[in-house]
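Participant: Handing you this structure, nothing more for now.
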Protein chains: 2
Amino acid sequence: MTTRDKLLDATASLLATDGLAGVSARSIAARAEVNQALVFYHFGTVSELVEAAVRRSVDLAVATYRDRLVDVSSVAELLTLGRELHRTERDRGNVAQMAQVMAGAQRDEALAAAARYAMQQWSREVELALRRLLPGTPLDGAVDPRGLARAVSAGFIGLQLYDGVDPRGAGTALGALDELAALVAALEGLGPVATRAVRSRVRKAAVTPERRKS
Amino acid sequence: MTTRDKLLDATASLLATDGLAGVSARSIAARAEVNQALVFYHFGTVSELVEAAVRRSVDLAVATYRDRLVDVSSVAELLTLGRELHRTERDRGNVAQMAQVMAGAQRDEALAAAARYAMQQWSREVELALRRLLPGTPLDGAVDPRGLARAVSAGFIGLQLYDGVDPRGAGTALGALDELAALVAALEGLGPVATRAVRSRVRKAAVTPERRKS
DNA sequence: GTCTATACAGAGATAGAC
DNA sequence: GTCTATCTCTGTATAGAC
């Protein structure tokens, strides 16, 4: 194992467990069991090391879930997979890394770049799944898959942060999402008649003066 | 205006604009135009000052929206209000403060306490609104209002963080939520027959072996 | 590539005069 | 309550030997 990899691993795990506040050249080097000066030799600055570590974590995580996502055949299954993803990531810490990097992005351009990259990678995969699954449901045509994918991805970040602060509260939140998943599953089974009924109502609602731009 | 209040204001605004990384006894004192040592005289530690500032911000923000929330008479209106809340808070920065504090809570007990308090205050208000509005919709009885309120609140945090990193992407996400709001409005209008149909399907789905505990 | 040593800035926090 | 001065620690980063 190269020093570079040791540093990347140490950074990723520190970021997930202690948050950005616990990440420093010294703490990283200690966990990686290498000399502190090597952080700067290999990555220039601490921020750039964090950026590299997050990019690698995201690439790995997204690649893992890509295979799972293409097997999904309904919105309900997608929600179930999302639930499992949260559980796995709570332990593995990839989403926690994203959350930390997004929070730290306010003052640090390298972190901001990492955060944008991470969101883009996840949103892209979710969007592909949605584009495949929404046709045939009442949501098709009514909701922009691109925007929805981003909303879902961002929502996950928030849930993960909440989980770090109040695991029990986050548990009830996830339970509610399970229940919502069941509801969506039921909607999926309603068939084309109901779908058309819902859609015509959506169209009417879209014309109300409530609608304003961003 | 007392020194205490100057410090609280300065902390809240710094937290919202520069994030936790930009918050220090010196930076706070500079923005408040008071002596640095007064941070410790009045609040003991920087973390405790941040905690106090966030608690105050949350109390103020929640009080503002409490009146608005009791006027809401449908789930669709609730979603519209949520959309407006996001827009307002993007500028005012209350939710950004929460996001920063949640991210920093990993290593700091005072921040963790502030984060839990903030989530609890917001979730409570949303839950009350949901309990009032869900009866009569297909979601009634199918989704735990307590859990849903927390999921929604946490989701907001994620969206706000995302907005700080990629405002355009966050814009499309919010657009999708607008569209979802329209869809829910349509569902609300479907009436008791459809409600019962959906509910019976939900009950069936809830018995499948997919169901596991947290 | 790796190590030691060190410069230097900024952080939290306190003592003591006023 | 407020101010000056200061201590100490931690963090980033670099120089230079190996």
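Chain labels A, B, ... are given in the sequence in which chains occur in the structure tokens; within each chain residues are numbered consecutively from 1, and ligands are likewise numbered from 1 in the order shown.
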Skipping near chain neighbours, those fewer than 6 positions away, what residues fall within 8 Å of range 5-15 of chain D using only C-alpha atoms (C1' of nucleotides), listed as an NGL selection string?

Facilitator: (:A and (24-25 or 40)) or (:C and (11))

Participant: Could you list, as JSON, numbers by chain, every residue within 10 Å of DG1 in chain D, counting only C-alpha atoms (C1' of nucleotides) and ignoring same-chain residues fewer than 6 positions away?

Facilitator: {"B": [3, 38, 41, 42]}

Participant: Write the selection just made, keeping N, CA, C and O atoms, as a compact mmCIF listing (two decimals), in the first residue's frame?

Facilitator:
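What landed in part.txt:
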# COMPACT_ATOMS: atom_id res chain seq x y z
N THR B 3 -23.82 44.21 24.80
CA THR B 3 -22.70 43.46 24.24
C THR B 3 -23.10 42.02 23.93
O THR B 3 -22.74 41.46 22.90
N LEU B 38 -14.36 39.49 25.61
CA LEU B 38 -15.75 39.51 26.09
C LEU B 38 -16.53 38.28 25.66
O LEU B 38 -17.54 37.92 26.27
N TYR B 41 -15.93 36.15 28.58
CA TYR B 41 -16.58 36.67 29.77
C TYR B 41 -18.08 36.36 29.76
O TYR B 41 -18.65 35.91 30.74
N HIS B 42 -18.71 36.57 28.61
CA HIS B 42 -20.17 36.42 28.55
C HIS B 42 -20.64 34.99 28.29
O HIS B 42 -21.73 34.60 28.71

Participant: Could you give me, as a list in words, the residues within 12 Å of DA17 in chain D, counting only C-alpha atoms (C1' of nucleotides) and dropping anything in the same chain fewer than 2 positions from it?

Facilitator: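 Residues near the query, excluding close chain neighbours: DT2, DC3, DT4 and DA5 of chain C; DA15 of chain D.
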
Participant: Hey, list the chain A side of the contact with chain B: 7 Å cut-off, only C-alpha atoms, answer as a PyMOL selection string.

Facilitator: chain A and resi 18-19+21+100+102-107+112+115-116+142-144+147-148+150-151+154-159+161-162+164-166+171-176+179-180+182-183+186-187+198+201-202+205-206+214

Participant: Sorted by chain and rising residue number, list the residues of chain C at most 12 Å from chain B (counting only C-alpha atoms (C1' of nucleotides)), each with its closest atom pair and distance in Å to one decimal, as CSV.

Facilitator:
residue,atom,partner,partner_atom,distance
C:DG10,C1',B:Arg26,CA,9.3
C:DA11,C1',B:Ser24,CA,7.5
C:DG12,C1',B:Ala25,CA,7.8
C:DA13,C1',B:Phe40,CA,7.6
C:DT14,C1',B:Ala37,CA,9.2
C:DA15,C1',B:Ala37,CA,11.6
